[in-house]
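Next comes work13.pdb, with PDB, C-alpha atoms.
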```
ATOM      1  CA  MET P   1      26.169 -10.915   8.894
ATOM      2  CA  SER P   2      26.514  -7.969  11.230
ATOM      3  CA  ARG P   3      24.034  -5.132  11.443
ATOM      4  CA  GLU P   4      26.676  -2.826   9.952
ATOM      5  CA  ALA P   5      27.147  -5.107   6.930
ATOM      6  CA  ALA P   6      23.371  -5.297   6.450
ATOM      7  CA  ALA P   7      23.171  -1.486   6.662
ATOM      8  CA  ALA P   8      25.871  -1.256   3.991
ATOM      9  CA  ALA P   9      23.832  -3.578   1.733
ATOM     10  CA  VAL P  10      20.701  -1.463   2.285
ATOM     11  CA  ARG P  11      22.620   1.727   1.460
ATOM     12  CA  GLU P  12      24.096   0.112  -1.671
ATOM     13  CA  PHE P  13      20.647  -0.980  -2.820
ATOM     14  CA  LEU P  14      19.132   2.440  -2.157
ATOM     15  CA  ALA P  15      21.993   4.271  -3.886
ATOM     16  CA  SER P  16      21.486   2.211  -7.031
ATOM     17  CA  SER P  17      17.662   2.207  -6.943
ATOM     18  CA  GLY P  18      16.852   5.816  -7.745
ATOM     19  CA  LEU P  19      14.245   5.760  -4.967
ATOM     20  CA  ASP P  20      13.690   8.609  -2.516
ATOM     21  CA  TRP P  21      14.825   7.595   0.944
ATOM     22  CA  GLU P  22      16.156   8.842   4.255
ATOM     23  CA  ALA P  23      17.887   7.274   7.212
ATOM     24  CA  PRO P  24      16.676   8.740  10.515
ATOM     25  CA  ASP P  25      19.338   6.646  12.262
ATOM     26  CA  SER P  26      21.987   4.053  11.380
ATOM     27  CA  THR P  27      19.566   1.094  11.433
ATOM     28  CA  THR P  28      16.351   2.579   9.997
ATOM     29  CA  PHE P  29      15.696   3.429   6.366
ATOM     30  CA  VAL P  30      12.487   5.026   5.110
ATOM     31  CA  VAL P  31      11.891   4.484   1.392
ATOM     32  CA  THR P  32       9.216   6.011  -0.839
ATOM     33  CA  LEU P  33       8.048   3.648  -3.568
ATOM     34  CA  PRO P  34       6.235   5.394  -6.448
ATOM     35  CA  GLY P  35       3.099   3.727  -7.753
ATOM     36  CA  GLU P  36       0.356   4.159 -10.304
ATOM     37  CA  ARG P  37      -2.861   3.450  -8.373
ATOM     38  CA  LYS P  38      -1.444   4.232  -4.934
ATOM     39  CA  LEU P  39       0.737   7.193  -5.732
ATOM     40  CA  MET P  40       3.335   6.307  -3.117
ATOM     41  CA  THR P  41       4.005   3.617  -0.563
ATOM     42  CA  THR P  42       6.123   4.601   2.421
ATOM     43  CA  THR P  43       8.207   1.633   3.495
ATOM     44  CA  SER P  44      10.577   1.255   6.424
ATOM     45  CA  ILE P  45      13.454  -1.165   6.680
ATOM     46  CA  THR P  46      14.672  -1.599  10.250
ATOM     47  CA  LEU P  47      17.758  -3.604  11.129
ATOM     48  CA  GLY P  48      17.617  -5.380  14.471
ATOM     49  CA  GLU P  49      20.164  -7.547  16.243
ATOM     50  CA  HIS P  50      19.358 -10.653  14.184
ATOM     51  CA  ALA P  51      16.737  -9.701  11.602
ATOM     52  CA  ALA P  52      15.545  -6.952   9.314
ATOM     53  CA  THR P  53      11.902  -5.939   9.333
ATOM     54  CA  ILE P  54       9.969  -4.325   6.512
ATOM     55  CA  ASN P  55       6.788  -2.341   7.127
ATOM     56  CA  ALA P  56       4.777  -0.556   4.457
ATOM     57  CA  PHE P  57       1.552   1.365   4.986
ATOM     58  CA  VAL P  58      -1.085   0.316   2.429
ATOM     59  CA  ALA P  59      -4.434   1.791   3.524
ATOM     60  CA  ARG P  60      -6.264   3.089   6.552
ATOM     61  CA  ASN P  61      -8.863   1.109   8.431
ATOM     62  CA  PRO P  62     -11.736   0.425   6.016
ATOM     63  CA  ASP P  63     -14.960   2.340   6.600
ATOM     64  CA  GLU P  64     -17.127  -0.680   5.791
ATOM     65  CA  ASN P  65     -17.202  -4.307   4.750
ATOM     66  CA  HIS P  66     -14.376  -5.359   7.099
ATOM     67  CA  GLU P  67     -14.988  -9.086   6.758
ATOM     68  CA  ALA P  68     -14.685  -8.968   2.960
ATOM     69  CA  VAL P  69     -11.567  -6.785   3.168
ATOM     70  CA  TYR P  70      -9.851  -9.115   5.650
ATOM     71  CA  ARG P  71     -10.813 -12.186   3.655
ATOM     72  CA  TRP P  72      -9.385 -10.575   0.516
ATOM     73  CA  LEU P  73      -6.124  -9.804   2.368
ATOM     74  CA  LEU P  74      -5.813 -13.323   3.762
ATOM     75  CA  GLU P  75      -6.434 -14.855   0.358
ATOM     76  CA  ARG P  76      -3.672 -12.654  -1.115
ATOM     77  CA  ASN P  77      -1.257 -13.694   1.645
ATOM     78  CA  ARG P  78      -1.207 -17.198   0.164
ATOM     79  CA  ARG P  79       0.550 -15.809  -2.926
ATOM     80  CA  THR P  80       2.888 -13.155  -1.571
ATOM     81  CA  TYR P  81       6.672 -13.290  -1.462
ATOM     82  CA  GLY P  82       8.625 -12.039   1.533
ATOM     83  CA  VAL P  83       5.876  -9.835   2.974
ATOM     84  CA  SER P  84       2.281 -10.390   4.071
ATOM     85  CA  PHE P  85      -0.716  -8.192   4.656
ATOM     86  CA  ALA P  86      -1.420  -7.361   8.302
ATOM     87  CA  ILE P  87      -3.458  -4.897  10.319
ATOM     88  CA  ASP P  88      -2.394  -2.835  13.309
ATOM     89  CA  HIS P  89      -4.346  -2.047  16.483
ATOM     90  CA  LEU P  90      -6.245   0.710  14.626
ATOM     91  CA  GLY P  91      -7.217  -1.586  11.763
ATOM     92  CA  ASP P  92      -4.879   0.114   9.284
ATOM     93  CA  ILE P  93      -3.493  -2.203   6.595
ATOM     94  CA  TYR P  94       0.238  -2.833   6.186
ATOM     95  CA  LEU P  95       2.606  -5.124   4.383
ATOM     96  CA  VAL P  96       5.105  -6.630   6.830
ATOM     97  CA  GLY P  97       8.080  -8.919   6.501
ATOM     98  CA  ARG P  98      11.072 -10.181   8.422
ATOM     99  CA  LEU P  99      14.289 -11.717   7.163
ATOM    100  CA  PRO P 100      17.549 -12.729   8.799
ATOM    101  CA  LEU P 101      20.364 -10.204   8.520
ATOM    102  CA  ALA P 102      22.349 -12.727   6.465
ATOM    103  CA  ALA P 103      19.658 -12.483   3.759
ATOM    104  CA  VAL P 104      19.934  -8.687   3.466
ATOM    105  CA  THR P 105      21.557  -8.344   0.050
ATOM    106  CA  VAL P 106      21.109  -5.890  -2.791
ATOM    107  CA  GLU P 107      19.390  -8.585  -4.843
ATOM    108  CA  GLU P 108      16.997  -9.630  -2.064
ATOM    109  CA  LEU P 109      16.144  -6.026  -1.214
ATOM    110  CA  ASP P 110      15.333  -5.434  -4.874
ATOM    111  CA  ARG P 111      12.974  -8.447  -4.846
ATOM    112  CA  LEU P 112      11.350  -7.380  -1.584
ATOM    113  CA  MET P 113      10.849  -3.737  -2.565
ATOM    114  CA  GLY P 114       9.422  -4.944  -5.884
ATOM    115  CA  ALA P 115       7.031  -7.213  -3.991
ATOM    116  CA  VAL P 116       5.970  -4.385  -1.665
ATOM    117  CA  LEU P 117       5.309  -2.108  -4.618
ATOM    118  CA  GLU P 118       3.439  -4.772  -6.586
ATOM    119  CA  TYR P 119       1.227  -5.789  -3.652
ATOM    120  CA  SER P 120       0.573  -2.271  -2.385
ATOM    121  CA  ASP P 121      -0.072  -0.655  -5.748
ATOM    122  CA  GLY P 122      -1.796  -3.671  -7.254
ATOM    123  CA  SER P 123      -4.198  -4.127  -4.353
ATOM    124  CA  PHE P 124      -5.019  -0.493  -3.723
ATOM    125  CA  ASN P 125      -8.098  -0.062  -5.928
ATOM    126  CA  SER P 126      -9.545  -3.413  -4.829
ATOM    127  CA  LEU P 127      -9.124  -2.449  -1.174
ATOM    128  CA  LEU P 128     -10.725   0.952  -1.769
ATOM    129  CA  GLU P 129     -13.624  -0.622  -3.623
ATOM    130  CA  LEU P 130     -14.220  -3.209  -0.899
ATOM    131  CA  GLY P 131     -13.723  -0.967   2.117
ATOM    132  CA  PHE P 132     -14.662   2.545   0.996
ATOM    133  CA  ALA P 133     -17.374   2.213  -1.711
ATOM    134  CA  THR P 134     -19.863   4.448   0.108
ATOM    135  CA  SER P 135     -17.251   7.194   0.592
ATOM    136  CA  ILE P 136     -16.218   6.945  -3.057
ATOM    137  CA  ARG P 137     -19.831   7.314  -4.185
ATOM    138  CA  ARG P 138     -20.312  10.349  -1.925
ATOM    139  CA  GLU P 139     -17.088  11.943  -3.172
ATOM    140  CA  TRP P 140     -18.105  11.352  -6.795
ATOM    141  CA  GLN P 141     -21.531  12.899  -6.197
ATOM    142  CA  TRP P 142     -20.049  15.887  -4.316
ATOM    143  CA  ARG P 143     -17.585  16.577  -7.130
ATOM    144  CA  THR P 144     -20.051  16.179  -9.964
ATOM    145  CA  GLN P 145     -22.624  18.419  -8.259
ATOM    146  CA  ARG P 146     -19.971  21.141  -8.080
ATOM    147  CA  GLY P 147     -18.594  20.567 -11.572
ATOM    148  CA  LEU P 148     -15.257  19.353 -10.195
ATOM    149  CA  PRO P 149     -13.121  16.763 -11.985
ATOM    150  CA  THR P 150     -13.493  13.092 -11.138
ATOM    151  CA  ASP P 151     -10.392  11.925 -13.016
ATOM    152  CA  ASN P 152      -8.751  10.278 -10.012
ATOM    153  CA  LEU P 153     -12.012   8.421  -9.286
ATOM    154  CA  ALA P 154     -12.397   7.067 -12.838
ATOM    155  CA  ALA P 155     -11.324   3.558 -11.770
ATOM    156  CA  PHE P 156     -14.468   3.455  -9.636
ATOM    157  CA  ARG P 157     -16.957   4.635 -12.249
ATOM    158  CA  HIS P 158     -18.583   1.175 -12.175
ATOM    159  CA  LEU P 159     -19.626   1.829  -8.550
ATOM    160  CA  MET P 160     -21.798   4.767  -9.559
ATOM    161  CA  ASP P 161     -25.552   4.446  -9.959
ATOM    162  CA  PRO P 162     -26.189   4.384 -13.732
ATOM    163  CA  THR P 163     -29.489   6.244 -13.181
ATOM    164  CA  ASP P 164     -27.607   9.164 -11.584
ATOM    165  CA  GLU P 165     -27.334  11.844 -14.285
ATOM    166  CA  ASN P 166     -24.096  13.128 -12.696
ATOM    167  CA  ALA P 167     -22.388   9.718 -12.814
ATOM    168  CA  SER P 168     -21.250  10.138 -16.413
ATOM    169  CA  GLN P 169     -19.561  13.489 -15.872
ATOM    170  CA  ASP P 170     -15.805  13.880 -15.735
TER
END
```

As a first step, turn the structure in this file into structure tokens.
Amino acid sequence: MSREAAAAAVREFLASSGLDWEAPDSTTFVVTLPGERKLMTTTSITLGEHAATINAFVARNPDENHEAVYRWLLERNRRTYGVSFAIDHLGDIYLVGRLPLAAVTVEELDRLMGAVLEYSDGSFNSLLELGFATSIRREWQWRTQRGLPTDNLAAFRHLMDPTDENASQD
């Protein structure tokens, strides 16, 4: 399959998907996948000479507990389809994949974008809990001391000290 035919398949998929996307050039597509835990996952599809690559940002470099975070990612990689967790030179976490241009079809793109969304959104709270627990606790305390809502931190209520009188506030 030529790069042009693969680009046509990507455009067909995106047109039928209802997803927000843009094409900065004829071989790069940037797609926004809406989530529930991770509100959005920005994903790029880049068409090379022989293969398409998929890159999706998942989370920044964890503040703490790196070994546990990386172990968790590697264990998840055993069960992923089409993409795997990886880190870049800054330690930021991505989902990455590569497939031959001949495999770039509407159906396969649907499977791959579904996998990216499932893995990014489904792993987000676990990654935050493992790699950012101290920051989450500080944010919770800062908000409760000021009477600010903690609704978007509710998934992490179990990380709060039960003896902290502010921990039960919303």

Legend entry - Atom pair atom CA of Leu127 of chain P / atom CA of Leu74 of chain P: separation (Å):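 Computing it gives 12.4 Å between the two atoms.
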
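Of the listed residues P:Ala154, P:Ala103, P:Met1, P:Leu128, the one whose atoms come nearest to Asn65 of chain P is P:Leu128, with distances taken using only C-alpha atoms.
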
Inset, instruction - With a distance cut-off of 10 Å and all atoms listed in the file, select the neighbouring residues of segment 24-29 of chain P, excluding the residue or stretch itself and same-chain residues fewer than 6 positions from it, and output the selection as a list in words. - result: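 What passes the distance filter is Arg3, Glu4, Ala6, Ala7, Ala8, Val10, Arg11, Leu14, Thr43, Ser44, Ile45, Thr46, Leu47, Gly48, Glu49, Ala52, Thr53 and Ile54 of chain P.
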
Inset, instruction - List, as number ranges by chain, every residue that the PyMOL selection byres ((chain P and resi 133) around 10) selects in the file provided. - result: P: 62-65, 127-132, 134-139, 156, 159-160

Inset, instruction - Name the residues that the PyMOL selection byres ((chain P and resi 33) around 12) picks from the file above, as a count of residues only, using the file's chain letters and numbers. - result: 34

Legend entry - Atom-to-atom span, atom CA of Leu90 of chain P and atom CA of Gln141 of chain P, Å: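 Between atom CA of Leu90 of chain P and atom CA of Gln141 of chain P the gap is 28.6 Å.
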